[in-house]
Amino acid sequence: MTYETVMAGFGGQGLLFSGKVLAYAGLLEGRELSWLPSYGPEMRGGTCNCSVIISDEPVGSPIIAHPNVLMVMNEPSLDKFEDAVAPGGTIFVDSSLIARKVRRADVDVVYIPATQMATEMEAASLANMIMLGAIVEKLGCVKSETMLDALKHTISARKANLLDLNLKAVEAGRRFMADSAASPA
Amino acid sequence: MSEKALMKGNEAIAEAAIRCGCRHYFGYPITPQTEIAAYMAKRMPKIGGTFLQAESEIAAINMVYGCASTGRRAMTSSSSPGVSLKAEGMSYLAGADLPALIVNVQRGGPGLGGIQPSQSDYFFMTRGPGHGDFHIIVLAPATVQEMADLTRLAFELGEKYRMPAMLLADGTMGQMMEPVVLPEEQTDPAEVMKGKPWAVTGTGMKRPHNIINSLYLKPDELEKTNIERFKRYEQLERDETRWEEYLMDDAEICVVSTGITARVSKNAIAECRRRGIKVGMIRPITLFPFPKAPLAKAAEKVKCFITVELNMGQMSEDVELAVRCSKPVAMCNRVGGMIPSTDEVVAAIEKEAK
């Protein structure tokens, strides 16, 4: 199975970092992978995205035309990428920040009030980790334990004091997903 | 085997250079290669090396010129507009027969252009990037692993043939992360200075002065240096040309591509093979020397070539020359920072297959 994940939103939401954690988990599992950021004059507040491929086969191009996993954390990103998602793919929407629903009928959609959940945890900047926790719980693209390991490896020394909070955010995302799977809306 | 690390292509170049015994980096920031400078700024002071942010690209390449004169492994890095500024320095390095590493992580041009990936400096780098009749070694990585591996090769070939060597990457290769196994071997910076009788390291009053210079006012002497240099280029082409062949055994169509477009092409070739089209790829790893022989050999059995490039068809001219125009060379290009999609390359291959 090849997971072609696009994570998109505003700069400053930690999209490149959550992509790096996912990629690093792939590395720890000995999988084939690539991580590619959008780069440009994109500062905090601008749009930003990264593409992560995790596969059992060698990765050719790191550029994703049709993601089978899309994580969106602002409406412009949903507008931009919704049509590109491969049929049967899964879209993870931060429903605290995106008012509208996904229009596609041929994809699976998960709405997570990630930013609201993060704010309630007094960790508003960790909505990305809640989203990531939900993705891994739902798709099993990497093992949950590996991802927690990956987080420990990738968090910068400057933010090491936030490791526990990051782990909690991932856990909250996983729990949200597990609960909604148990009682589908 | 050492452990796999997850790094950006730019960082892999920087770490590999350090492990190759490079302790002198001179640069000036420009997207999309600034991670090289940032990495060097962080690491060099901790290992007794020198990171110097020069006042300009021109200053940086001339610092490389001075440092390389002493036989040390010296490097600079930039992106397209910055490399234009280094042209004079590269010509002087070539004229003085000095090895040095220059990294060009290309972005769209001309002029200030854009900051998205490009391969539009192909002509500029492979034809001799500066005034005078000369070449530099040009290596084109297509994976983060190659960003590291070709860094070592660039230093080693540059020293063996006494000429500047370039890593010519595109912005994607610099920015993407992939697992990479870094060279375990740590080259001693003092060790690389050995076996360089030409280096200016002080005579100790025991030998005549070494002089590093590119000025020859007597035309017969200057002619001799030019001819001797081109003999080295011949040997370089004979012994050091590198390329990768992918599914070429039964191929009827041969894609020729480097860097990010070679990777997109691999996806496209896999898709075309599923559709029953016999297509393969020759991926040049050395752009100077260009792998003419394998292309000429392929021309005997394929019906056409397709170059996939981030320029208007610069490498396609080298393919036409290599095959002496014996087979048609079609093109699939995007420019300005755009990258062809897998579907676009598939369409280009299907068109030629009909």
# chains A, B, ... in the order shown; residues from 1 in each chain; ligands from 1

call {"tool": "select_by_dssp", "arguments": {"residues": "stretch 52-236 of chain B", "states": "helix (DSSP H, G or I)", "output": "PyMOL selection string"}}
result
chain B and resi 57-68+80-85+87-95+122-126+144-161+171-175+191-193+219-236

call {"tool": "closest_atom_pairs", "arguments": {"of": "chain A", "to": "chain B", "cutoff": "6 Å", "atoms": "only C-alpha atoms", "output": "JSON lines"}}
result
{"residue": "A:Ser34", "atom": "CA", "partner": "B:Glu178", "partner_atom": "CA", "distance": 4.9}
{"residue": "A:Trp35", "atom": "CA", "partner": "B:Met177", "partner_atom": "CA", "distance": 4.9}
{"residue": "A:Leu36", "atom": "CA", "partner": "B:Met176", "partner_atom": "CA", "distance": 4.5}
{"residue": "A:Gly60", "atom": "CA", "partner": "B:Arg263", "partner_atom": "CA", "distance": 5.0}
{"residue": "A:Ser61", "atom": "CA", "partner": "B:Arg263", "partner_atom": "CA", "distance": 4.6}

call {"tool": "residues_around", "arguments": {"residues": "A:Val72", "least_positions_apart": "6", "cutoff": "9 Å", "atoms": "only C-alpha atoms", "output": "list in words"}}
result
Val6, Met7, Ala8, Gly9, Leu78, Phe81, Ile91, Phe92, Val93, Asp94 and Ile98 of chain A

call {"tool": "residues_around", "arguments": {"residues": "B:Thr241", "least_positions_apart": "5", "cutoff": "7 Å", "atoms": "only C-alpha atoms", "output": "PyMOL selection string"}}
result
chain B and resi 286+289-291

call {"tool": "atom_distance", "arguments": {"atom1": "atom CA of B:Glu237", "atom2": "atom CA of B:Glu159"}}
result
15.6 Å

call {"tool": "residues_around", "arguments": {"residues": "A:Ser144", "least_positions_apart": "5", "cutoff": "10 Å", "atoms": "only C-alpha atoms", "output": "number ranges by chain"}}
result
A: 25, 133, 136-137, 149-150, 170-171, 174

call {"tool": "residues_around", "arguments": {"residues": "A:Met73", "least_positions_apart": "6", "cutoff": "12 Å", "atoms": "only C-alpha atoms", "output": "VMD selection string"}}
result
chain A and resid 6 to 15 45 47 to 49 79 to 81 91 to 99 111 to 115 125 to 132

call {"tool": "closest_residue", "arguments": {"among": "A:Lys152, A:Glu4, A:Glu75, A:Gly88", "to": "A:Asp164", "atoms": "only C-alpha atoms"}}
result
A:Lys152

call {"tool": "residues_around", "arguments": {"residues": "B:Glu350", "least_positions_apart": "6", "cutoff": "10 Å", "atoms": "only C-alpha atoms", "output": "list in words"}}
result
Ile253, Cys272, Arg275, Ile277, Val279 and Glu344 of chain B
